[in-house]
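The next block is work18.cif, given as mmCIF, C-alpha atoms.
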data_target
#
loop_
_atom_site.group_PDB
_atom_site.id
_atom_site.type_symbol
_atom_site.label_atom_id
_atom_site.label_comp_id
_atom_site.auth_asym_id
_atom_site.auth_seq_id
_atom_site.Cartn_x
_atom_site.Cartn_y
_atom_site.Cartn_z
ATOM 1 C CA MET A 1 0.000 0.000 0.000
ATOM 2 C CA VAL A 2 1.198 3.492 -0.802
ATOM 3 C CA GLN A 3 0.140 6.395 1.398
ATOM 4 C CA LYS A 4 -0.560 9.743 -0.241
ATOM 5 C CA LEU A 5 -1.097 13.050 1.507
ATOM 6 C CA ARG A 6 -3.762 15.409 0.294
ATOM 7 C CA SER A 7 -5.254 18.611 1.668
ATOM 8 C CA PRO A 8 -9.005 19.185 1.856
ATOM 9 C CA SER A 9 -10.282 21.030 -1.207
ATOM 10 C CA SER A 10 -11.147 24.697 -0.748
ATOM 11 C CA SER A 11 -14.722 24.105 -1.905
ATOM 12 C CA ALA A 12 -15.214 21.387 0.734
ATOM 13 C CA VAL A 13 -13.838 23.651 3.451
ATOM 14 C CA LEU A 14 -16.094 26.505 2.299
ATOM 15 C CA ALA A 15 -19.111 24.192 2.394
ATOM 16 C CA LEU A 16 -18.252 23.176 5.960
ATOM 17 C CA LEU A 17 -17.781 26.806 6.994
ATOM 18 C CA LEU A 18 -21.189 27.739 5.575
ATOM 19 C CA ALA A 19 -22.740 24.717 7.301
ATOM 20 C CA SER A 20 -21.162 25.893 10.565
ATOM 21 C CA LEU A 21 -22.645 29.357 10.045
ATOM 22 C CA CYS A 22 -26.117 27.925 9.463
ATOM 23 C CA TRP A 23 -25.979 25.671 12.515
ATOM 24 C CA GLY A 24 -24.611 28.487 14.677
ATOM 25 C CA VAL A 25 -27.348 30.936 13.703
ATOM 26 C CA SER A 26 -30.001 28.244 14.148
ATOM 27 C CA THR A 27 -28.804 27.708 17.725
ATOM 28 C CA ALA A 28 -29.626 31.324 18.623
ATOM 29 C CA LEU A 29 -32.917 31.181 16.710
ATOM 30 C CA SER A 30 -33.865 28.060 18.664
ATOM 31 C CA LYS A 31 -33.718 30.075 21.873
ATOM 32 C CA VAL A 32 -36.013 32.649 20.260
ATOM 33 C CA ALA A 33 -38.497 30.026 19.063
ATOM 34 C CA ILE A 34 -38.839 28.182 22.373
ATOM 35 C CA GLY A 35 -39.898 31.430 23.960
ATOM 36 C CA GLN A 36 -43.455 30.474 22.968
ATOM 37 C CA ILE A 37 -43.351 26.887 21.693
ATOM 38 C CA THR A 38 -42.121 23.717 23.367
ATOM 39 C CA PRO A 39 -38.899 21.887 22.411
ATOM 40 C CA LEU A 40 -41.015 19.042 21.012
ATOM 41 C CA ASP A 41 -42.886 21.527 18.816
ATOM 42 C CA LEU A 42 -39.603 22.961 17.575
ATOM 43 C CA PHE A 43 -38.161 19.536 16.792
ATOM 44 C CA ALA A 44 -41.239 18.529 14.789
ATOM 45 C CA ILE A 45 -41.132 21.785 12.813
ATOM 46 C CA GLU A 46 -37.388 21.474 12.137
ATOM 47 C CA VAL A 47 -37.433 17.992 10.689
ATOM 48 C CA THR A 48 -40.716 18.265 8.795
ATOM 49 C CA THR A 49 -39.521 21.504 7.198
ATOM 50 C CA GLY A 50 -36.305 19.809 6.151
ATOM 51 C CA ALA A 51 -38.086 16.723 4.819
ATOM 52 C CA SER A 52 -40.665 18.772 2.887
ATOM 53 C CA CYS A 53 -38.130 21.065 1.198
ATOM 54 C CA LEU A 54 -35.595 18.384 0.340
ATOM 55 C CA GLY A 55 -38.175 15.764 -0.613
ATOM 56 C CA VAL A 56 -39.884 18.109 -3.075
ATOM 57 C CA ALA A 57 -36.529 19.252 -4.486
ATOM 58 C CA ALA A 58 -35.427 15.653 -5.018
ATOM 59 C CA LEU A 59 -38.679 14.686 -6.741
ATOM 60 C CA VAL A 60 -38.627 17.782 -8.976
ATOM 61 C CA ARG A 61 -35.144 16.809 -10.081
ATOM 62 C CA GLY A 62 -36.420 13.345 -10.959
ATOM 63 C CA ALA A 63 -34.773 11.431 -8.120
ATOM 64 C CA ARG A 64 -36.282 8.131 -7.045
ATOM 65 C CA LEU A 65 -36.536 7.930 -3.279
ATOM 66 C CA GLY A 66 -36.580 4.169 -2.906
ATOM 67 C CA ARG A 67 -36.359 2.069 0.220
ATOM 68 C CA PRO A 68 -33.265 3.290 2.114
ATOM 69 C CA SER A 69 -30.568 1.004 3.437
ATOM 70 C CA GLY A 70 -30.146 0.473 7.150
ATOM 71 C CA ALA A 71 -27.083 2.727 7.179
ATOM 72 C CA ILE A 72 -29.007 5.653 5.660
ATOM 73 C CA VAL A 73 -31.861 5.134 8.109
ATOM 74 C CA LEU A 74 -29.308 5.215 10.926
ATOM 75 C CA LEU A 75 -27.921 8.506 9.576
ATOM 76 C CA GLY A 76 -31.356 10.097 9.844
ATOM 77 C CA VAL A 77 -31.972 8.619 13.278
ATOM 78 C CA LEU A 78 -28.647 9.916 14.637
ATOM 79 C CA GLU A 79 -28.897 13.390 13.101
ATOM 80 C CA PRO A 80 -31.188 15.231 12.865
ATOM 81 C CA GLY A 81 -33.283 12.638 14.726
ATOM 82 C CA ILE A 82 -31.697 12.008 18.111
ATOM 83 C CA ALA A 83 -29.232 14.918 18.008
ATOM 84 C CA PHE A 84 -31.845 17.613 17.306
ATOM 85 C CA LEU A 85 -34.404 16.191 19.717
ATOM 86 C CA LEU A 86 -31.943 16.019 22.609
ATOM 87 C CA PHE A 87 -30.513 19.450 21.822
ATOM 88 C CA ASP A 88 -33.936 21.123 21.647
ATOM 89 C CA ILE A 89 -34.963 19.657 25.004
ATOM 90 C CA GLY A 90 -31.583 20.391 26.550
ATOM 91 C CA ILE A 91 -31.334 24.024 25.404
ATOM 92 C CA ALA A 92 -34.712 24.716 27.007
ATOM 93 C CA HIS A 93 -33.297 23.667 30.375
ATOM 94 C CA THR A 94 -29.881 25.308 30.338
ATOM 95 C CA ALA A 95 -28.224 28.573 29.372
ATOM 96 C CA ALA A 96 -27.458 29.272 25.723
ATOM 97 C CA THR A 97 -23.791 29.741 26.581
ATOM 98 C CA ASP A 98 -23.669 26.347 28.295
ATOM 99 C CA GLY A 99 -25.214 24.853 25.173
ATOM 100 C CA ALA A 100 -22.594 26.462 22.945
ATOM 101 C CA LEU A 101 -19.836 25.181 25.211
ATOM 102 C CA LEU A 102 -21.084 21.621 25.086
ATOM 103 C CA LEU A 103 -21.520 21.713 21.297
ATOM 104 C CA ALA A 104 -17.732 22.026 21.105
ATOM 105 C CA THR A 105 -17.477 18.459 22.399
ATOM 106 C CA ASP A 106 -18.736 17.324 18.979
ATOM 107 C CA SER A 107 -15.165 17.634 17.662
ATOM 108 C CA LEU A 108 -13.804 15.611 20.576
ATOM 109 C CA PHE A 109 -16.313 12.824 20.043
ATOM 110 C CA THR A 110 -15.759 12.898 16.260
ATOM 111 C CA ALA A 111 -11.971 12.630 16.580
ATOM 112 C CA ALA A 112 -12.277 9.792 19.087
ATOM 113 C CA LEU A 113 -14.831 7.849 17.037
ATOM 114 C CA ALA A 114 -12.930 8.428 13.777
ATOM 115 C CA ALA A 115 -9.750 7.106 15.359
ATOM 116 C CA ALA A 116 -11.550 4.101 16.827
ATOM 117 C CA LEU A 117 -13.841 3.204 13.913
ATOM 118 C CA LEU A 118 -12.200 4.627 10.774
ATOM 119 C CA GLY A 119 -8.530 4.262 11.727
ATOM 120 C CA GLU A 120 -7.887 7.987 11.218
ATOM 121 C CA ARG A 121 -4.705 9.161 12.920
ATOM 122 C CA LEU A 122 -4.358 12.454 14.741
ATOM 123 C CA GLY A 123 -1.192 14.070 13.419
ATOM 124 C CA PRO A 124 0.581 16.903 15.266
ATOM 125 C CA ARG A 125 -1.343 19.647 13.441
ATOM 126 C CA LEU A 126 -4.724 18.066 14.095
ATOM 127 C CA ARG A 127 -3.790 17.564 17.758
ATOM 128 C CA VAL A 128 -3.008 21.267 18.053
ATOM 129 C CA ALA A 129 -6.176 22.147 16.144
ATOM 130 C CA LEU A 130 -8.264 19.936 18.424
ATOM 131 C CA ALA A 131 -6.808 21.523 21.561
ATOM 132 C CA ALA A 132 -7.147 25.057 20.187
ATOM 133 C CA GLY A 133 -10.708 24.462 18.967
ATOM 134 C CA VAL A 134 -11.961 23.055 22.253
ATOM 135 C CA ALA A 135 -10.120 25.695 24.326
ATOM 136 C CA GLY A 136 -11.432 28.468 22.091
ATOM 137 C CA SER A 137 -14.976 27.162 22.254
ATOM 138 C CA VAL A 138 -14.764 27.081 26.044
ATOM 139 C CA LEU A 139 -13.581 30.700 26.127
ATOM 140 C CA VAL A 140 -16.250 31.806 23.649
ATOM 141 C CA SER A 141 -18.940 30.224 25.784
ATOM 142 C CA LEU A 142 -17.782 31.524 29.181
ATOM 143 C CA HIS A 143 -20.503 33.666 30.697
ATOM 144 C CA ALA A 144 -22.204 34.154 33.998
ATOM 145 C CA SER A 145 -25.176 31.973 33.181
ATOM 146 C CA GLY A 146 -26.893 32.456 36.523
ATOM 147 C CA GLY A 147 -29.624 30.069 37.491
ATOM 148 C CA MET A 148 -30.610 28.950 33.991
ATOM 149 C CA ALA A 149 -28.013 26.216 33.844
ATOM 150 C CA SER A 150 -29.226 22.693 34.511
ATOM 151 C CA VAL A 151 -27.166 19.552 34.860
ATOM 152 C CA GLY A 152 -29.911 17.594 33.126
ATOM 153 C CA GLY A 153 -30.010 20.042 30.215
ATOM 154 C CA ASP A 154 -26.230 19.994 29.912
ATOM 155 C CA LEU A 155 -26.191 16.193 29.820
ATOM 156 C CA LEU A 156 -28.833 16.169 27.083
ATOM 157 C CA ILE A 157 -26.763 18.528 24.914
ATOM 158 C CA LEU A 158 -23.677 16.407 25.587
ATOM 159 C CA ALA A 159 -25.620 13.356 24.393
ATOM 160 C CA ALA A 160 -26.744 15.328 21.330
ATOM 161 C CA SER A 161 -23.086 16.083 20.503
ATOM 162 C CA LEU A 162 -22.240 12.399 20.773
ATOM 163 C CA ALA A 163 -25.091 11.491 18.399
ATOM 164 C CA ALA A 164 -23.920 14.188 15.945
ATOM 165 C CA ALA A 165 -20.362 12.840 16.092
ATOM 166 C CA GLY A 166 -21.656 9.351 15.367
ATOM 167 C CA TYR A 167 -23.484 10.766 12.359
ATOM 168 C CA GLY A 168 -20.306 12.457 11.112
ATOM 169 C CA VAL A 169 -18.269 9.265 11.309
ATOM 170 C CA LEU A 170 -20.990 7.108 9.745
ATOM 171 C CA ALA A 171 -21.500 9.690 6.964
ATOM 172 C CA LYS A 172 -17.837 9.309 6.029
ATOM 173 C CA ARG A 173 -18.600 5.646 5.270
ATOM 174 C CA VAL A 174 -22.034 6.053 3.694
ATOM 175 C CA VAL A 175 -22.023 9.328 1.727
ATOM 176 C CA PRO A 176 -19.174 8.941 -0.821
ATOM 177 C CA GLY A 177 -20.510 7.978 -4.257
ATOM 178 C CA ARG A 178 -24.147 8.768 -3.458
ATOM 179 C CA ASP A 179 -26.302 11.590 -4.798
ATOM 180 C CA THR A 180 -26.197 14.339 -2.156
ATOM 181 C CA LEU A 181 -29.740 15.657 -2.612
ATOM 182 C CA SER A 182 -31.429 12.240 -2.655
ATOM 183 C CA LEU A 183 -29.401 11.002 0.326
ATOM 184 C CA THR A 184 -30.146 14.090 2.397
ATOM 185 C CA ALA A 185 -33.847 13.991 1.488
ATOM 186 C CA VAL A 186 -34.180 10.373 2.618
ATOM 187 C CA GLN A 187 -32.237 11.162 5.778
ATOM 188 C CA MET A 188 -34.662 13.996 6.563
ATOM 189 C CA LEU A 189 -37.699 11.834 5.818
ATOM 190 C CA VAL A 190 -36.480 9.335 8.410
ATOM 191 C CA ALA A 191 -36.103 12.137 10.957
ATOM 192 C CA ALA A 192 -39.504 13.557 9.972
ATOM 193 C CA ALA A 193 -41.142 10.227 10.813
ATOM 194 C CA ILE A 194 -39.677 10.569 14.300
ATOM 195 C CA GLY A 195 -40.725 14.230 14.448
ATOM 196 C CA LEU A 196 -44.332 13.534 13.464
ATOM 197 C CA ALA A 197 -44.602 10.808 16.096
ATOM 198 C CA VAL A 198 -43.128 13.117 18.733
ATOM 199 C CA GLY A 199 -45.377 15.998 17.662
ATOM 200 C CA ALA A 200 -48.484 13.832 17.721
ATOM 201 C CA GLY A 201 -47.598 12.530 21.162
ATOM 202 C CA ALA A 202 -47.029 16.070 22.436
ATOM 203 C CA ALA A 203 -50.375 17.227 21.084
ATOM 204 C CA ALA A 204 -52.201 14.221 22.539
ATOM 205 C CA GLY A 205 -50.620 14.860 25.933
ATOM 206 C CA HIS A 206 -51.409 18.600 25.790
ATOM 207 C CA HIS A 207 -47.693 19.461 25.714
ATOM 208 C CA SER A 208 -47.856 21.492 22.498
ATOM 209 C CA HIS A 209 -47.979 25.298 22.446
ATOM 210 C CA LEU A 210 -48.257 25.762 18.698
ATOM 211 C CA GLY A 211 -51.804 27.061 18.986
ATOM 212 C CA HIS A 212 -50.699 29.843 21.336
ATOM 213 C CA ALA A 213 -47.550 31.024 19.520
ATOM 214 C CA ASP A 214 -47.501 34.269 17.548
ATOM 215 C CA ALA A 215 -46.361 34.571 13.922
ATOM 216 C CA GLY A 216 -42.901 35.822 14.848
ATOM 217 C CA HIS A 217 -42.031 32.788 16.947
ATOM 218 C CA LEU A 218 -43.476 30.404 14.359
ATOM 219 C CA LEU A 219 -41.380 32.082 11.649
ATOM 220 C CA ALA A 220 -38.323 31.702 13.882
ATOM 221 C CA ALA A 221 -39.058 27.974 14.147
ATOM 222 C CA LEU A 222 -39.395 27.678 10.365
ATOM 223 C CA ALA A 223 -36.100 29.548 9.951
ATOM 224 C CA VAL A 224 -34.502 27.055 12.328
ATOM 225 C CA GLY A 225 -35.805 24.276 10.094
ATOM 226 C CA LEU A 226 -34.171 25.799 7.015
ATOM 227 C CA LEU A 227 -30.898 26.755 8.710
ATOM 228 C CA ALA A 228 -30.543 23.595 10.791
ATOM 229 C CA SER A 229 -32.047 20.906 8.566
ATOM 230 C CA VAL A 230 -32.024 21.891 4.890
ATOM 231 C CA ILE A 231 -29.014 24.015 3.957
ATOM 232 C CA PRO A 232 -26.255 22.718 6.265
ATOM 233 C CA PHE A 233 -26.956 19.020 5.684
ATOM 234 C CA LEU A 234 -26.732 19.476 1.921
ATOM 235 C CA LEU A 235 -23.442 21.326 2.387
ATOM 236 C CA TYR A 236 -22.072 18.787 4.868
ATOM 237 C CA ASN A 237 -22.981 15.745 2.793
ATOM 238 C CA ALA A 238 -21.428 17.369 -0.278
ATOM 239 C CA ALA A 239 -18.179 18.080 1.595
ATOM 240 C CA ILE A 240 -17.644 14.996 3.766
ATOM 241 C CA ALA A 241 -16.427 12.804 0.895
ATOM 242 C CA ARG A 242 -13.468 15.177 0.342
ATOM 243 C CA VAL A 243 -12.236 15.605 3.932
ATOM 244 C CA THR A 244 -11.556 13.303 6.856
ATOM 245 C CA ALA A 245 -14.218 12.977 9.518
ATOM 246 C CA THR A 246 -11.759 14.436 12.041
ATOM 247 C CA ALA A 247 -10.995 17.516 9.934
ATOM 248 C CA ALA A 248 -14.713 18.069 9.313
ATOM 249 C CA GLY A 249 -15.408 17.896 13.038
ATOM 250 C CA LEU A 250 -12.670 20.421 13.741
ATOM 251 C CA VAL A 251 -13.852 22.908 11.117
ATOM 252 C CA LEU A 252 -17.299 22.632 12.717
ATOM 253 C CA THR A 253 -15.837 23.984 15.981
ATOM 254 C CA LEU A 254 -16.834 27.312 14.418
ATOM 255 C CA VAL A 255 -20.465 26.541 15.258
ATOM 256 C CA PRO A 256 -20.175 27.859 18.859
ATOM 257 C CA LEU A 257 -18.449 31.009 17.578
ATOM 258 C CA PHE A 258 -21.174 31.709 15.023
ATOM 259 C CA GLY A 259 -23.804 30.857 17.619
ATOM 260 C CA THR A 260 -22.327 33.372 20.031
ATOM 261 C CA VAL A 261 -22.233 36.132 17.422
ATOM 262 C CA ALA A 262 -25.842 35.377 16.473
ATOM 263 C CA SER A 263 -26.784 35.561 20.152
ATOM 264 C CA LEU A 264 -25.302 39.052 20.343
ATOM 265 C CA VAL A 265 -27.671 40.173 17.600
ATOM 266 C CA LEU A 266 -30.794 38.146 18.358
ATOM 267 C CA LEU A 267 -30.675 37.694 22.129
ATOM 268 C CA GLY A 268 -28.810 40.800 23.222
ATOM 269 C CA GLU A 269 -26.003 38.873 24.913
ATOM 270 C CA ARG A 270 -22.720 40.656 25.584
ATOM 271 C CA LEU A 271 -19.298 39.553 24.383
ATOM 272 C CA GLY A 272 -16.204 40.296 26.475
ATOM 273 C CA THR A 273 -12.468 40.143 25.932
ATOM 274 C CA VAL A 274 -12.273 36.493 26.951
ATOM 275 C CA GLN A 275 -14.900 35.514 24.388
ATOM 276 C CA LEU A 276 -13.085 37.481 21.677
ATOM 277 C CA ALA A 277 -9.857 35.648 22.505
ATOM 278 C CA GLY A 278 -11.707 32.351 22.342
ATOM 279 C CA GLY A 279 -13.047 33.266 18.917
ATOM 280 C CA ALA A 280 -9.487 33.786 17.705
ATOM 281 C CA PHE A 281 -8.552 30.308 18.961
ATOM 282 C CA VAL A 282 -11.536 28.749 17.198
ATOM 283 C CA VAL A 283 -10.670 30.460 13.900
ATOM 284 C CA LEU A 284 -7.078 29.226 14.286
ATOM 285 C CA ALA A 285 -8.324 25.679 14.898
ATOM 286 C CA ALA A 286 -10.536 25.761 11.823
ATOM 287 C CA GLY A 287 -7.646 27.023 9.709
ATOM 288 C CA LEU A 288 -5.339 24.287 10.960
ATOM 289 C CA ALA A 289 -7.974 21.631 10.334
ATOM 290 C CA ALA A 290 -8.663 22.962 6.853
ATOM 291 C CA THR A 291 -4.993 22.773 5.830
ATOM 292 C CA ALA A 292 -4.022 19.579 7.641
ATOM 293 C CA PRO A 293 -3.044 16.786 5.211
ATOM 294 C CA ALA A 294 -5.230 13.679 5.383
ATOM 295 C CA ARG A 295 -3.832 10.184 4.917
ATOM 296 C CA GLU A 296 -5.253 8.394 1.924
ATOM 297 C CA GLU A 297 -4.417 4.788 1.129
ATOM 298 C CA SER A 298 -4.310 3.513 -2.412
ATOM 299 C CA PRO A 299 -3.231 0.217 -3.885
ATOM 300 C CA ALA A 300 0.457 -0.120 -4.736
#

Translate this file's structure into structure tokens.
Amino acid sequence: MVQKLRSPSSSAVLALLLASLCWGVSTALSKVAIGQITPLDLFAIEVTTGASCLGVAALVRGARLGRPSGAIVLLGVLEPGIAFLLFDIGIAHTAATDGALLLATDSLFTAALAAALLGERLGPRLRVALAAGVAGSVLVSLHASGGMASVGGDLLILAASLAAAGYGVLAKRVVPGRDTLSLTAVQMLVAAAIGLAVGAGAAAGHHSHLGHADAGHLLAALAVGLLASVIPFLLYNAAIARVTATAAGLVLTLVPLFGTVASLVLLGERLGTVQLAGGAFVVLAAGLAATAPAREESPA
């Protein structure tokens, strides 16, 4: 076997950066939406919005959405299924800054799972990037969160990060060679089946607040669906075949940074010197991850 070194393509890195931006902004919008609707409402809206948009787009393009394989079903179950559901419930029971902090663990889980399951090795640059990304995300998220923080909510977001990391590693195996739009549409349809069941259960148990929410909060929920389910998953699935799972996870450490900036605008949160320094670390980590060579094996 001959090992070749290649750097992630600029278009793949750009796609991951844009996906990070979408997920970061959607985090802040989630806090806006759950001001009047429940986390279960938000989850159902997110995944059904994603499934509707992507399903229609795939059919218009002439794609045949046949019976998915078990691996594709598992992709949809992991994320947005489990990951979004746990995050939406968790963020309702903890501070937004705590949520952003715990999202940074996605890169840790991804690197660990990629090393264990895909045999990816952490070279010196990726080790530095991992340390800088996690440290920067911690600094970005530091804030006096007062009494909003909840251990239970934090644990749910931590579990959501683990599910998202599992998705990232599995996607590295499943996505290459498949049509991005069709794959993402099927993935969303799987999650939508979970979302409809959850939404129906919430309504039956009188745990839904959709009937009492105003137009602004409902629009925020729909925006979360587009920015969390439609756009970033298309970008991520298009990029993952051209980068390692570890590098993708590290570039996505920008999500907490973008989420913090969005919170400044949408939630009126304040950003101090420590958070600015953390943002610099996160940008450095993303740059290192984007330029780190990935090992690629080919037959001799």

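Under the PyMOL selection byres ((chain A and resi 164) around 10), the matching residues in the shown file are A:Leu75, A:Leu78, A:Glu79, A:Pro80, A:Gly81, A:Ile82, A:Ala83, A:Phe84, A:Leu103, A:Asp106, A:Ser107, A:Phe109, A:Thr110, A:Leu158, A:Ala159, A:Ala160, A:Ser161, A:Leu162, A:Ala163, A:Ala165, A:Gly166, A:Tyr167, A:Gly168, A:Val169, A:Leu170, A:Gly249.
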
With C-alpha atoms retained, export the selected residues as a tab-separated table (two decimals), keeping the file's coordinate frame.
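Output below, filename result.tsv:
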chain	number	residue	atom	x	y	z
A	75	LEU	CA	-27.92	8.51	9.58
A	78	LEU	CA	-28.65	9.92	14.64
A	79	GLU	CA	-28.90	13.39	13.10
A	80	PRO	CA	-31.19	15.23	12.86
A	81	GLY	CA	-33.28	12.64	14.73
A	82	ILE	CA	-31.70	12.01	18.11
A	83	ALA	CA	-29.23	14.92	18.01
A	84	PHE	CA	-31.84	17.61	17.31
A	103	LEU	CA	-21.52	21.71	21.30
A	106	ASP	CA	-18.74	17.32	18.98
A	107	SER	CA	-15.16	17.63	17.66
A	109	PHE	CA	-16.31	12.82	20.04
A	110	THR	CA	-15.76	12.90	16.26
A	158	LEU	CA	-23.68	16.41	25.59
A	159	ALA	CA	-25.62	13.36	24.39
A	160	ALA	CA	-26.74	15.33	21.33
A	161	SER	CA	-23.09	16.08	20.50
A	162	LEU	CA	-22.24	12.40	20.77
A	163	ALA	CA	-25.09	11.49	18.40
A	165	ALA	CA	-20.36	12.84	16.09
A	166	GLY	CA	-21.66	9.35	15.37
A	167	TYR	CA	-23.48	10.77	12.36
A	168	GLY	CA	-20.31	12.46	11.11
A	169	VAL	CA	-18.27	9.26	11.31
A	170	LEU	CA	-20.99	7.11	9.74
A	249	GLY	CA	-15.41	17.90	13.04

So that I can see what lies close to stretch 60-70 of chain A, please list as a PyMOL selection string the residues with an atom at most 12 Å from it, counting all atoms listed in the file and leaving out residues fewer than 4 positions away in the same chain. chain A and resi 53-56+74-77+170+174+178-190

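Interatomic distance, atom CA of A:Phe43 against atom CA of A:Leu29: 12.8 Å.
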
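Listed by chain and then by number, the residues chosen by the PyMOL selection byres ((chain A and resi 23) around 8) in this file are Ala19, Ser20, Leu21, Cys22, Gly24, Val25, Ser26, Thr27, Leu227, Ala228, Pro232, Val255 and Gly259 of chain A.
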
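Between A:Leu14 and the candidates A:Ala238, A:Val138, A:Leu284, A:Ala262, the tightest atom-to-atom separation, counting all atoms listed in the file, involves A:Ala238.
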
Residue members of the PyMOL selection byres ((chain A and resi 102) around 12) in the file shown, as a compact mmCIF listing (two decimals) with C-alpha atoms, in the frame of the given file:
# COMPACT_ATOMS: atom_id res chain seq x y z
CA PHE A 87 -30.51 19.45 21.82
CA GLY A 90 -31.58 20.39 26.55
CA ILE A 91 -31.33 24.02 25.40
CA THR A 94 -29.88 25.31 30.34
CA ALA A 95 -28.22 28.57 29.37
CA ALA A 96 -27.46 29.27 25.72
CA THR A 97 -23.79 29.74 26.58
CA ASP A 98 -23.67 26.35 28.30
CA GLY A 99 -25.21 24.85 25.17
CA ALA A 100 -22.59 26.46 22.94
CA LEU A 101 -19.84 25.18 25.21
CA LEU A 103 -21.52 21.71 21.30
CA ALA A 104 -17.73 22.03 21.10
CA THR A 105 -17.48 18.46 22.40
CA ASP A 106 -18.74 17.32 18.98
CA SER A 107 -15.16 17.63 17.66
CA LEU A 108 -13.80 15.61 20.58
CA PHE A 109 -16.31 12.82 20.04
CA VAL A 134 -11.96 23.06 22.25
CA ALA A 135 -10.12 25.70 24.33
CA SER A 137 -14.98 27.16 22.25
CA VAL A 138 -14.76 27.08 26.04
CA LEU A 139 -13.58 30.70 26.13
CA VAL A 140 -16.25 31.81 23.65
CA SER A 141 -18.94 30.22 25.78
CA LEU A 142 -17.78 31.52 29.18
CA VAL A 151 -27.17 19.55 34.86
CA GLY A 153 -30.01 20.04 30.22
CA ASP A 154 -26.23 19.99 29.91
CA LEU A 155 -26.19 16.19 29.82
CA LEU A 156 -28.83 16.17 27.08
CA ILE A 157 -26.76 18.53 24.91
CA LEU A 158 -23.68 16.41 25.59
CA ALA A 159 -25.62 13.36 24.39
CA ALA A 160 -26.74 15.33 21.33
CA SER A 161 -23.09 16.08 20.50
CA LEU A 162 -22.24 12.40 20.77
CA THR A 253 -15.84 23.98 15.98
CA VAL A 255 -20.46 26.54 15.26
CA PRO A 256 -20.18 27.86 18.86

Find the residues near A:Ala192: any atom within 7 Å, counting only C-alpha atoms, skip ones fewer than 6 places away on the same chain, and give them as number ranges by chain. A: 47-48, 51

Grab the residues selected above and save them as a tab-separated table (two decimals), in the coordinates of the input with C-alpha atoms.
chain	number	residue	atom	x	y	z
A	47	VAL	CA	-37.43	17.99	10.69
A	48	THR	CA	-40.72	18.26	8.80
A	51	ALA	CA	-38.09	16.72	4.82
